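**Q** My structure is in target05.txt, and what it holds is compact mmCIF, C-alpha atoms:
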# COMPACT_ATOMS: atom_id res chain seq x y z
CA MET A 1 29.76 -180.62 -106.52
CA ILE A 2 32.75 -179.26 -104.57
CA GLU A 3 33.92 -181.93 -102.10
CA LEU A 4 35.77 -180.76 -98.96
CA TYR A 5 37.33 -183.14 -96.42
CA VAL A 6 38.20 -182.16 -92.82
CA ARG A 7 40.56 -184.31 -90.76
CA GLY A 8 41.07 -182.54 -87.42
CA GLN A 9 42.09 -179.04 -88.59
CA ARG A 10 43.45 -180.09 -91.97
CA LEU A 11 41.29 -179.23 -95.00
CA THR A 12 41.64 -180.92 -98.41
CA LEU A 13 39.70 -180.32 -101.62
CA THR A 14 38.55 -182.38 -104.62
CA THR A 15 36.49 -180.64 -107.25
CA PRO A 16 35.58 -180.85 -110.95
CA VAL A 17 36.32 -177.99 -113.33
CA ILE A 18 34.54 -174.81 -112.19
CA ALA A 19 33.78 -172.04 -114.67
CA ALA A 20 33.08 -168.47 -113.66
CA ASP A 21 29.84 -166.49 -114.03
CA SER A 22 27.39 -169.19 -112.92
CA LEU A 23 24.42 -168.02 -110.82
CA HIS A 24 22.64 -170.11 -108.13
CA TYR A 25 24.28 -173.26 -109.52
CA LEU A 26 27.33 -174.31 -107.47
CA ARG A 27 26.99 -176.78 -104.58
CA ALA A 28 29.48 -178.03 -101.99
CA ARG A 29 29.60 -180.82 -99.41
CA VAL A 30 31.92 -181.05 -96.38
CA HIS A 31 32.99 -184.44 -94.98
CA PHE A 32 34.22 -184.43 -91.35
CA ILE A 33 36.52 -187.49 -91.18
CA GLU A 34 37.48 -187.24 -87.49
CA PRO A 35 35.40 -186.25 -84.41
CA GLY A 36 35.78 -182.87 -82.75
CA TRP A 37 33.37 -180.64 -84.72
CA GLU A 38 30.16 -182.02 -83.17
CA GLY A 39 27.79 -179.38 -81.77
CA LEU A 40 29.59 -176.46 -83.49
CA SER A 41 28.00 -173.94 -85.85
CA ARG A 42 29.97 -174.71 -89.04
CA TRP A 43 30.84 -172.07 -91.67
CA ALA A 44 32.63 -172.23 -95.02
CA HIS A 45 34.57 -169.13 -96.14
CA PHE A 46 35.50 -168.29 -99.76
CA LYS A 47 37.72 -165.24 -100.45
CA CYS A 48 39.10 -163.76 -103.66
CA GLY A 49 40.33 -160.17 -103.53
CA ASP A 50 37.67 -158.01 -101.87
CA THR A 51 34.88 -160.56 -102.46
CA VAL A 52 34.08 -162.77 -99.47
CA TYR A 53 31.42 -165.45 -99.04
CA ASP A 54 30.69 -166.58 -95.45
CA ILE A 55 28.13 -169.41 -95.69
CA GLU A 56 26.78 -171.53 -92.83
CA LEU A 57 26.54 -175.25 -93.64
CA ASP A 58 23.10 -176.81 -93.41
CA ARG A 59 22.27 -179.86 -91.25
CA HIS A 60 23.70 -182.11 -93.99
CA ASP A 61 26.99 -180.11 -93.97
CA GLU A 62 26.21 -178.85 -97.47
CA ILE A 63 26.06 -175.58 -99.43
CA THR A 64 23.14 -175.55 -101.87
CA GLU A 65 22.19 -173.45 -104.88
CA ARG A 66 20.07 -171.25 -102.58
CA ASP A 67 23.26 -170.01 -100.86
CA ALA A 68 24.29 -168.27 -104.13
CA LEU A 69 27.94 -169.34 -104.20
CA ASN A 70 28.57 -167.37 -107.41
CA LEU A 71 32.35 -167.46 -108.05
CA THR A 72 34.26 -165.24 -110.44
CA ALA A 73 37.40 -166.32 -112.31
CA GLY A 74 40.60 -166.50 -110.23
CA GLU A 75 42.10 -168.24 -107.19
CA TRP A 76 39.83 -168.44 -104.13
CA ILE A 77 41.07 -169.07 -100.60
CA VAL A 78 38.78 -171.57 -98.84
CA TYR A 79 38.72 -172.50 -95.13
CA LEU A 80 36.24 -173.61 -92.46
CA THR A 81 35.41 -172.38 -88.96
CA GLY A 82 33.16 -173.77 -86.23
CA SER A 83 32.09 -172.29 -82.91
CA ASP A 84 29.72 -172.43 -79.99
CA GLU A 85 29.55 -170.44 -76.75
CA HIS A 86 32.78 -171.96 -75.41
CA ARG A 87 34.79 -173.38 -78.34
CA ARG A 88 36.19 -172.36 -81.70
CA ALA A 89 37.68 -174.60 -84.42
CA THR A 90 39.50 -173.58 -87.63
CA THR A 91 41.12 -175.34 -90.60
CA THR A 92 44.09 -174.72 -92.82
CA PRO A 93 43.25 -172.85 -96.06
CA VAL A 94 43.19 -174.42 -99.54
CA LEU A 95 43.15 -172.84 -103.02
CA LEU A 96 40.18 -173.26 -105.37
CA LYS A 97 40.82 -172.28 -109.03
CA VAL A 98 37.89 -170.95 -111.07
CA LYS A 99 38.40 -170.73 -114.85
CA GLU A 100 37.12 -168.07 -117.23
CA SER A 101 33.76 -168.87 -118.82
CA GLY A 102 32.56 -168.29 -122.34
CA LEU A 103 29.84 -165.91 -121.18
CA VAL A 104 30.21 -162.37 -122.54
CA ASP A 105 28.83 -159.28 -120.75
CA ALA A 106 27.85 -161.32 -117.69
CA PRO A 107 25.71 -159.46 -115.12
CA LEU A 108 27.42 -158.31 -111.94
CA HIS A 109 27.42 -160.74 -109.03
CA GLN A 110 25.53 -159.81 -105.92
CA ILE A 111 27.94 -159.30 -103.01
CA PRO A 112 26.69 -161.53 -100.16
CA MET A 113 26.17 -160.46 -96.58
CA SER A 114 29.19 -160.76 -94.30
CA GLN A 115 29.25 -163.34 -91.51
CA LEU A 116 28.49 -160.63 -88.94
CA GLU A 117 25.53 -159.37 -91.01
CA ARG A 118 24.18 -162.92 -91.38
CA LEU A 119 24.46 -163.54 -87.63
CA SER A 120 22.82 -160.20 -86.84
CA TYR A 121 19.98 -161.02 -89.24
CA ARG A 122 19.44 -164.45 -87.64
CA VAL A 123 19.50 -162.97 -84.14
CA ASP A 124 16.91 -160.34 -85.09
CA LEU A 125 14.64 -163.06 -86.51
CA ALA A 126 15.07 -165.23 -83.39
CA LEU A 127 14.32 -162.34 -81.03
CA LYS A 128 11.25 -161.33 -83.01
CA GLU A 129 10.04 -164.95 -82.98
CA CYS A 130 10.57 -165.18 -79.20
CA ALA A 131 8.77 -161.88 -78.64
CA ALA A 132 5.82 -163.03 -80.75
CA LEU A 133 5.58 -166.36 -78.93
CA LYS A 134 5.81 -164.62 -75.56
CA TYR A 135 3.04 -162.20 -76.55
CA ARG A 136 0.72 -164.95 -77.83
CA ALA A 137 1.13 -167.72 -75.28
CA GLY A 138 3.62 -166.66 -72.60
CA ILE A 139 6.81 -168.52 -71.66
CA VAL A 140 6.76 -171.89 -69.87
CA VAL A 141 9.73 -172.07 -67.47
CA CYS A 142 11.11 -175.61 -67.36
CA GLY A 143 12.94 -175.14 -64.04
CA PHE A 144 15.45 -173.16 -62.00
CA SER A 145 19.26 -173.12 -62.16
CA PRO A 146 21.63 -171.26 -59.81
CA SER A 147 23.81 -169.82 -62.61
CA LEU A 148 24.11 -169.63 -66.39
CA SER A 149 27.25 -171.79 -66.37
CA GLU A 150 25.48 -174.45 -64.31
CA LEU A 151 22.56 -174.36 -66.77
CA ALA A 152 24.94 -174.89 -69.72
CA ASN A 153 26.58 -177.84 -67.94
CA THR A 154 23.38 -179.61 -66.86
CA VAL A 155 21.06 -178.99 -69.84
CA ARG A 156 23.21 -180.29 -72.69
CA CYS A 157 20.52 -180.82 -75.36
CA PRO A 158 17.84 -178.13 -74.92
CA HIS A 159 14.84 -177.90 -77.24
CA PRO A 160 14.32 -174.79 -79.42
CA GLY A 161 12.65 -172.09 -77.31
CA GLU A 162 13.19 -173.95 -74.02
CA ALA A 163 13.21 -171.48 -71.10
CA TRP A 164 14.89 -171.66 -67.67
CA ALA A 165 14.94 -169.28 -64.69
CA VAL A 166 18.50 -168.52 -63.48
CA GLY A 167 19.51 -167.17 -60.06
CA LEU A 168 19.70 -168.00 -56.37
CA SER A 169 16.84 -165.70 -55.39
CA ALA A 170 14.40 -163.21 -56.91
CA PRO A 171 14.47 -161.46 -59.26
CA TYR A 172 15.33 -164.46 -61.48
CA ARG A 173 16.49 -164.02 -65.10
CA VAL A 174 14.82 -166.09 -67.82
CA TYR A 175 17.13 -167.60 -70.48
CA ILE A 176 15.74 -169.07 -73.72
CA TRP A 177 17.65 -171.49 -75.99
CA ASP A 178 18.31 -169.88 -79.40
CA MET A 179 18.47 -172.75 -81.91
CA HIS A 180 19.97 -170.53 -84.66
CA CYS A 181 23.00 -169.32 -82.68
CA ARG A 182 23.15 -172.34 -80.33
CA ARG A 183 23.32 -170.26 -77.14
CA TRP A 184 21.17 -169.21 -74.16
CA ARG A 185 19.67 -165.74 -74.62
CA ASP A 186 18.62 -163.43 -71.79
CA ALA A 187 14.85 -162.81 -72.06
CA GLY A 188 14.55 -160.56 -69.00
CA GLU A 189 13.30 -160.97 -65.44
CA LEU A 190 10.81 -163.63 -64.41
CA VAL A 191 7.42 -161.96 -63.94
CA SER A 192 4.14 -163.22 -62.54
CA VAL A 193 1.62 -165.00 -64.73
CA ARG A 194 -1.62 -163.06 -65.05
CA ALA A 195 -4.93 -164.43 -66.26
CA GLU A 196 -6.99 -162.14 -68.46
CA GLY A 197 -8.93 -159.72 -66.29
CA THR A 198 -7.31 -160.94 -63.05
CA GLN A 199 -4.32 -159.48 -61.20
CA GLY A 200 -1.84 -162.31 -60.67
CA VAL A 201 0.44 -162.64 -57.63
CA THR A 202 3.79 -164.41 -57.59
CA PHE A 203 5.11 -166.02 -54.38
CA ILE A 204 8.89 -166.49 -54.51
CA PRO A 205 10.75 -168.81 -52.10
CA SER A 206 14.33 -168.37 -50.86
CA VAL A 207 16.51 -170.38 -48.46
CA ASP A 208 19.39 -168.95 -46.40
CA GLU A 209 22.54 -170.77 -45.28
CA ALA A 210 20.88 -171.78 -42.00
CA GLY A 211 18.09 -173.60 -43.87
CA ASN A 212 15.32 -171.05 -43.23
CA LEU A 213 12.69 -171.08 -46.00
CA VAL A 214 10.97 -167.69 -46.40
CA TRP A 215 8.59 -166.24 -48.99
CA THR A 216 8.01 -162.90 -50.69
CA ASN A 217 5.26 -161.83 -53.09
CA ASP A 218 4.53 -158.97 -55.46
CA GLY A 219 0.89 -158.54 -54.41
CA GLU A 220 1.38 -157.20 -50.86
CA LEU A 221 -0.31 -160.35 -49.52
CA GLU A 222 0.56 -162.12 -46.28
CA ASN A 223 3.42 -164.57 -46.74
CA PRO A 224 3.50 -168.10 -45.25
CA ASP A 225 5.37 -168.47 -41.95
CA PRO A 226 9.12 -169.15 -42.24
CA VAL A 227 10.12 -172.80 -41.89
CA ASN A 228 13.53 -174.30 -41.19
CA ILE A 229 14.05 -177.18 -43.60
CA MET A 230 17.51 -178.20 -42.40
CA GLY A 231 17.48 -181.57 -40.64
CA PRO A 232 19.36 -182.37 -37.43
CA GLN A 233 23.10 -182.82 -37.62
CA GLY A 234 24.17 -186.43 -37.95
CA ALA A 235 26.55 -188.19 -35.59
CA ASP A 236 30.25 -188.00 -36.32
CA GLY A 237 31.63 -191.06 -38.06
CA GLU A 238 34.49 -193.20 -36.81
CA PRO A 239 37.95 -191.85 -37.72
CA GLY A 240 39.45 -193.66 -40.68
CA PRO A 241 42.91 -195.23 -40.71
CA ALA A 242 45.87 -192.95 -41.27
CA GLY A 243 46.71 -192.67 -44.94
CA LYS A 244 50.11 -193.14 -46.53
CA SER A 245 52.31 -190.15 -47.17
CA ALA A 246 52.88 -188.98 -50.73
CA TYR A 247 56.49 -190.21 -50.51
CA GLU A 248 55.43 -193.69 -49.32
CA SER A 249 52.91 -193.99 -52.18
CA ALA A 250 55.56 -192.89 -54.68
CA VAL A 251 58.04 -195.51 -53.41
CA GLU A 252 55.38 -198.23 -53.78
CA ASN A 253 54.91 -197.13 -57.41
CA GLY A 254 58.59 -197.31 -58.28
CA TYR A 255 60.16 -194.05 -57.05
CA SER A 256 63.79 -194.71 -56.03
CA GLY A 257 64.98 -191.34 -54.67
CA ASP A 258 65.20 -190.28 -51.04
CA GLU A 259 62.44 -188.40 -49.21
CA GLU A 260 64.24 -185.03 -49.30
CA THR A 261 64.62 -184.95 -53.09
CA PHE A 262 61.05 -186.21 -53.55
CA TYR A 263 59.49 -183.28 -51.65
CA ALA A 264 61.92 -180.85 -53.27
CA ALA A 265 60.64 -182.06 -56.66
CA LEU A 266 57.04 -181.45 -55.56
CA ALA A 267 57.92 -177.91 -54.47
CA ALA A 268 59.43 -177.27 -57.94
CA LEU A 269 56.32 -178.34 -59.89
CA PRO A 270 54.84 -174.79 -60.26
CA GLU A 271 58.00 -173.67 -62.05
CA HIS A 272 58.24 -176.78 -64.20
CA ALA A 273 55.49 -175.74 -66.61
CA GLN A 274 57.97 -173.43 -68.36
CA ARG A 275 61.33 -174.58 -66.97
CA HIS A 276 63.16 -177.88 -66.79
CA LEU A 277 65.74 -178.68 -64.10
CA PRO A 278 69.36 -179.14 -65.27
CA ASP A 279 70.53 -182.75 -65.44
CA GLY A 280 66.87 -183.82 -65.01
CA THR A 281 64.36 -185.61 -67.21
CA ASP A 282 60.58 -185.70 -67.41
CA PRO A 283 59.00 -186.50 -65.03
CA ILE A 284 61.18 -184.28 -62.78
CA VAL A 285 64.27 -185.91 -61.31
CA VAL A 286 65.95 -183.70 -58.70
CA LYS A 287 69.60 -184.55 -58.21
CA THR A 288 71.64 -183.75 -55.14
CA GLY A 289 73.54 -180.99 -56.96
CA ASN A 290 70.28 -179.09 -57.46
CA LEU A 291 69.48 -178.90 -53.75
CA GLU A 292 70.45 -176.33 -51.18
CA ASN A 293 69.14 -176.89 -47.63
CA GLY A 294 66.56 -179.34 -48.98
CA ALA A 295 65.08 -176.96 -51.62
CA VAL A 296 65.62 -176.39 -55.33
CA THR A 297 67.48 -173.11 -55.77
CA ALA A 298 66.36 -170.33 -58.12
CA PRO A 299 69.66 -170.29 -60.08
CA LYS A 300 69.21 -174.00 -60.78
CA LEU A 301 65.74 -173.36 -62.11
CA ALA A 302 66.86 -170.44 -64.27
CA ALA A 303 69.76 -172.43 -65.68
CA GLY A 304 67.33 -175.06 -66.94
CA ALA A 305 64.83 -172.74 -68.60
CA VAL A 306 63.84 -173.97 -72.06
CA SER A 307 60.91 -171.71 -72.94
CA THR A 308 59.71 -168.14 -72.40
CA VAL A 309 56.31 -166.47 -72.83
CA TYR A 310 56.17 -163.00 -74.42
CA THR A 311 53.27 -160.64 -75.11
CA ALA A 312 53.16 -158.22 -78.03
CA ASN A 313 50.70 -155.54 -79.16
CA VAL A 314 49.46 -155.76 -82.76
CA GLY A 315 48.46 -152.41 -84.25
CA THR A 316 46.11 -151.52 -87.09
CA ILE A 317 48.80 -150.41 -89.58
CA TRP A 318 49.72 -153.19 -92.06
CA THR A 319 52.18 -153.02 -94.95
CA GLY A 320 51.34 -154.07 -98.48
CA SER A 321 48.74 -153.35 -101.15
CA ALA A 322 47.68 -156.99 -101.52
CA ALA A 323 47.72 -160.16 -99.44
CA PRO A 324 49.74 -161.24 -97.65
CA TYR A 325 49.89 -158.03 -95.57
CA THR A 326 52.72 -157.73 -93.03
CA GLN A 327 53.39 -156.06 -89.70
CA GLU A 328 56.70 -156.10 -87.81
CA ILE A 329 56.58 -156.01 -84.00
CA SER A 330 59.47 -155.59 -81.55
CA VAL A 331 59.80 -158.40 -78.97
CA SER A 332 62.83 -157.83 -76.75
CA GLY A 333 64.68 -161.05 -75.88
CA LEU A 334 63.35 -163.14 -78.78
CA SER A 335 65.91 -165.15 -80.77
CA ALA A 336 65.84 -166.05 -84.43
CA ASN A 337 66.50 -169.67 -83.40
CA ASP A 338 63.42 -169.88 -81.16
CA ARG A 339 60.48 -172.01 -82.23
CA LEU A 340 57.31 -169.96 -81.81
CA LEU A 341 53.78 -170.83 -80.75
CA ALA A 342 51.47 -167.79 -80.95
CA ASP A 343 47.83 -167.10 -80.14
CA ALA A 344 45.50 -164.16 -79.44
CA ALA A 345 45.55 -162.98 -75.81
CA PRO A 346 42.13 -162.75 -74.10
CA GLY A 347 40.77 -159.27 -73.35
CA GLU A 348 39.30 -157.92 -70.14
CA THR A 349 35.74 -158.47 -71.46
CA TRP A 350 34.14 -161.06 -73.70
CA ALA A 351 33.57 -158.45 -76.42
CA GLN A 352 37.31 -157.58 -76.43
CA THR A 353 38.23 -161.27 -76.49
CA GLU A 354 35.85 -161.95 -79.39
CA ALA A 355 37.27 -158.99 -81.35
CA ALA A 356 40.83 -160.26 -80.75
CA LEU A 357 39.92 -163.76 -81.98
CA ASP A 358 38.26 -162.34 -85.12
CA ALA A 359 41.36 -160.27 -85.86
CA TRP A 360 43.71 -163.19 -85.12
CA ALA A 361 41.79 -165.43 -87.56
CA LYS A 362 43.09 -163.26 -90.42
CA VAL A 363 46.75 -163.89 -89.49
CA VAL A 364 48.19 -166.85 -91.45
CA ARG A 365 51.87 -166.84 -90.44
CA VAL A 366 54.20 -165.65 -87.65
CA VAL A 367 57.97 -165.48 -88.35
CA GLY A 368 60.49 -164.77 -85.58
CA ALA A 369 63.86 -163.01 -85.71
CA ASP A 370 66.21 -161.46 -83.16
CA ASN A 371 64.11 -159.18 -80.91
CA LYS A 372 61.15 -159.07 -83.31
CA VAL A 373 58.38 -161.01 -85.08
CA THR A 374 56.72 -160.45 -88.45
CA LEU A 375 53.01 -161.21 -88.88
CA TYR A 376 51.49 -162.12 -92.26
CA ALA A 377 47.74 -161.67 -92.80
CA ALA A 378 45.46 -162.83 -95.61
CA GLU A 379 43.22 -159.85 -94.77
CA LYS A 380 43.99 -156.68 -92.83
CA PRO A 381 42.55 -156.88 -89.29
CA GLY A 382 40.61 -153.73 -88.52
CA THR A 383 41.29 -153.66 -84.77
CA ALA A 384 44.34 -153.65 -82.54
CA PHE A 385 44.83 -156.67 -80.28
CA GLN A 386 47.44 -158.44 -78.16
CA ILE A 387 49.13 -161.79 -78.83
CA ARG A 388 50.98 -164.26 -76.61
CA ILE A 389 54.14 -165.95 -77.93
CA LEU A 390 55.66 -169.10 -76.43
CA ALA A 391 59.31 -169.18 -77.54
CA VAL A 392 60.80 -172.69 -77.27
CA LYS A 393 64.59 -172.71 -77.25
CA LYS A 394 66.31 -175.06 -79.66
Spell out the structure here as structure tokens.
**A**
Amino acid sequence: MIELYVRGQRLTLTTPVIAADSLHYLRARVHFIEPGWEGLSRWAHFKCGDTVYDIELDRHDEITERDALNLTAGEWIVYLTGSDEHRRATTTPVLLKVKESGLVDAPLHQIPMSQLERLSYRVDLALKECAALKYRAGIVVCGFSPSLSELANTVRCPHPGEAWAVGLSAPYRVYIWDMHCRRWRDAGELVSVRAEGTQGVTFIPSVDEAGNLVWTNDGELENPDPVNIMGPQGADGEPGPAGKSAYESAVENGYSGDEETFYAALAALPEHAQRHLPDGTDPIVVKTGNLENGAVTAPKLAAGAVSTVYTANVGTIWTGSAAPYTQEISVSGLSANDRLLADAAPGETWAQTEAALDAWAKVVRVVGADNKVTLYAAEKPGTAFQIRILAVKK
């Protein structure tokens, strides 16, 4: 049994001796020591050369013999990922050594499906299952939600196959909870329910901003009369006492500066995310020398800058015949002394963003120098993408 332990994003490994050429024999268990991975679809990844195993953990966070984790001799890179519709978690990689076995003329191992192929296969099965259920018994709509985001926020623990109608007015879209991919799937427009041999008619209500309730139907029948459901306006309440100013509240909580520097500090807050004022500390302290006509001057802000954000385009050409593969990118203004924090930049669409994240997951190291960075990848990304670099001055 391979034992893997996850503490936050750190992965450690304890394992007995593993010999190559076993078939449908190896098992693994993952222990999540700290919270943070709840509700995510959890995958274990094993890579050695061109052979890659992407295996989804079962509900016990285990890999069983049925997953066919058939490892050849050599050093395998192992890491974990987890994701849902909104989040993504990763771990650091570890090395798993597999020794030569005594088996001679072993049969070739079957190359497993990639993660994308597995997901596509599961989606096809889920859609076919939904289509079959819809054909046999129809879909029972549990309720209505104004938007997909509101549905995700209010229905936190949906049942498999649970259906909701989404929209402010007809035609509504029906979304069904896919238990395999843990996401809401679009099942098309809400249609009328028809009994066998009888033409059904659907009456759909809608309410405008003035509170007028009106109806429409798909059977060319007479609709009910419109009704205003908005009640009479209530009487105005008594005015409340005047509140304290922001400066007065700050003084009560220990602020010792004058009112002019206090409001100047508030005006400087938008710039403070990436810049610190000279002679100041966190939280912001504006000193008299930083003011000009009651405002913080731009030169004072620029003089206190301690970090800069850059963007860089990563191409598809990587150097090297084996991992790690490298790519050098020009970044004007970057210093070799800067400390770098890098991440994939989101695209204009979700598909572009997802492709950028998949490509970025293969990058294991970013090294800065004067006016350039060098990226190191465990596997060559197949698409171009953009990265953001936060350079913190030392």
**Q** Tell me, as a list of chain:residue names, which residues lie within 9 Å of Glu85 in chain A, counting only C-alpha atoms; anything in the same chain fewer than 2 positions away does not count.
**A**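 Within the cut-off, the hits are A:Ser83, A:Arg87, A:Arg88, A:Cys181, A:Arg182, A:Arg183, A:Trp184.
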**Q** Measure the distance from CA of Asn153 in chain A to CA of Leu40 in chain A in Å and round it to one decimal.
**A**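 Going from CA of Asn153 in chain A over to CA of Leu40 in chain A covers 15.9 Å.
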**Q** Taking into account only C-alpha atoms, which residue in the set A:Arg66, A:Arg365, A:Arg7, A:Lys393 is nearest to Trp37 in chain A?
**A**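 Closest candidate: A:Arg7.
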**Q** If I take CA of Asp54 in chain A and CA of Thr90 in chain A, how far is one from the other in Å, to one decimal?
**A**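 These two atoms are separated by 13.7 Å.
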**Q** Point out the residue among A:Ile33, A:Ala322, A:Ile77, A:Ala19 with the least atom-to-atom distance to Val98 in chain A, counting all atoms listed in the file.
**A** A:Ala19
**Q** Give me the residues near Thr92 in chain A as a JSON list (two decimals) with C-alpha atoms, in the frame of the given file, where near means some atom within 9 Å (using all atoms listed in the file) and where sequence neighbours in that chain fewer than 4 positions away do not count.
**A**
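Result went into around_27.json, see below:
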[["chain", "number", "residue", "atom", "x", "y", "z"],
["A", 9, "GLN", "CA", 42.09, -179.04, -88.59],
["A", 10, "ARG", "CA", 43.45, -180.09, -91.97],
["A", 11, "LEU", "CA", 41.29, -179.23, -95.00],
["A", 12, "THR", "CA", 41.64, -180.92, -98.41],
["A", 78, "VAL", "CA", 38.78, -171.57, -98.84],
["A", 79, "TYR", "CA", 38.72, -172.50, -95.13],
["A", 80, "LEU", "CA", 36.24, -173.61, -92.46],
["A", 364, "VAL", "CA", 48.19, -166.85, -91.45]]
**Q** What's the separation between CA of Ile317 in chain A and CA of Trp43 in chain A, in Å to one decimal place?
**A**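 It comes out at 28.2 Å.
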**Q** For Trp360 in chain A, which residue among A:Cys142, A:Leu340, A:Val207, A:Ile387 is the nearest when counting all atoms listed in the file?
**A**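 Going through A:Cys142, A:Leu340, A:Val207, A:Ile387 one by one, the smallest distance to Trp360 in chain A is for A:Ile387.
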**Q** Residues at most 10 Å from Ala28 in chain A, counting all atoms listed in the file, excluding those fewer than 2 positions away in the same chain, as a list in words?
**A** Met1, Ile2, Glu3, Leu4, Thr15, Leu26, Val30, Ala44, Leu57, Asp61, Glu62, Ile63, Thr64, Glu65 and Leu69 of chain A
**Q** Please provide the set of residues having any atom within 12 Å of Leu390 in chain A, restricted to only C-alpha atoms, with same-chain residues fewer than 3 positions apart removed, written as a list in words.
**A**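 Once the nearby chain positions are removed, what remains is Ala273, Gln274, Val306, Ser307, Thr308, Val309, Tyr310, Thr311, Ala312, Val331, Leu334, Ser335, Asp338, Arg339, Leu340, Leu341, Ala342, Asp343, Ala344, Ala345, Val366, Gly368, Ile387 and Lys393 of chain A.
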**Q** With distances taken over all atoms listed in the file, which of A:Thr326, A:Ile229, A:Arg27, A:Gly74 is nearest to Asp58 in chain A?
**A** A:Arg27
**Q** Please rebuild range 240-258 of chain A with N, CA and C atoms and give the result as a CSV table (one decimal), in the frame of the given file.
**A**
chain,number,residue,atom,x,y,z
A,240,GLY,N,38.9,-192.7,-39.8
A,240,GLY,CA,39.4,-193.7,-40.7
A,240,GLY,C,40.9,-193.9,-40.4
A,241,PRO,N,41.5,-195.0,-40.9
A,241,PRO,CA,42.9,-195.2,-40.7
A,241,PRO,C,43.8,-194.1,-41.3
A,242,ALA,N,44.9,-193.9,-40.7
A,242,ALA,CA,45.9,-193.0,-41.3
A,242,ALA,C,46.3,-193.3,-42.7
A,243,GLY,N,46.3,-192.4,-43.6
A,243,GLY,CA,46.7,-192.7,-44.9
A,243,GLY,C,48.2,-192.6,-45.1
A,244,LYS,N,48.7,-193.1,-46.2
A,244,LYS,CA,50.1,-193.1,-46.5
A,244,LYS,C,50.5,-191.8,-47.0
A,245,SER,N,51.8,-191.4,-46.7
A,245,SER,CA,52.3,-190.2,-47.2
A,245,SER,C,52.5,-190.2,-48.7
A,246,ALA,N,52.6,-189.0,-49.3
A,246,ALA,CA,52.9,-189.0,-50.7
A,246,ALA,C,54.2,-189.7,-51.1
A,247,TYR,N,55.2,-189.6,-50.2
A,247,TYR,CA,56.5,-190.2,-50.5
A,247,TYR,C,56.4,-191.7,-50.5
A,248,GLU,N,55.6,-192.2,-49.4
A,248,GLU,CA,55.4,-193.7,-49.3
A,248,GLU,C,54.7,-194.3,-50.5
A,249,SER,N,53.7,-193.5,-51.0
A,249,SER,CA,52.9,-194.0,-52.2
A,249,SER,C,53.8,-194.0,-53.4
A,250,ALA,N,54.7,-193.0,-53.5
A,250,ALA,CA,55.6,-192.9,-54.7
A,250,ALA,C,56.6,-194.0,-54.7
A,251,VAL,N,57.1,-194.4,-53.5
A,251,VAL,CA,58.0,-195.5,-53.4
A,251,VAL,C,57.4,-196.8,-53.8
A,252,GLU,N,56.1,-197.0,-53.4
A,252,GLU,CA,55.4,-198.2,-53.8
A,252,GLU,C,55.2,-198.3,-55.3
A,253,ASN,N,55.1,-197.2,-56.0
A,253,ASN,CA,54.9,-197.1,-57.4
A,253,ASN,C,56.2,-197.0,-58.2
A,254,GLY,N,57.3,-197.2,-57.5
A,254,GLY,CA,58.6,-197.3,-58.3
A,254,GLY,C,59.6,-196.2,-58.1
A,255,TYR,N,59.2,-195.1,-57.3
A,255,TYR,CA,60.2,-194.0,-57.0
A,255,TYR,C,61.4,-194.5,-56.2
A,256,SER,N,62.6,-194.2,-56.7
A,256,SER,CA,63.8,-194.7,-56.0
A,256,SER,C,64.6,-193.6,-55.3
A,257,GLY,N,64.2,-192.4,-55.4
A,257,GLY,CA,65.0,-191.3,-54.7
A,257,GLY,C,64.7,-191.3,-53.2
A,258,ASP,N,65.4,-190.4,-52.5
A,258,ASP,CA,65.2,-190.3,-51.0
A,258,ASP,C,64.1,-189.3,-50.8
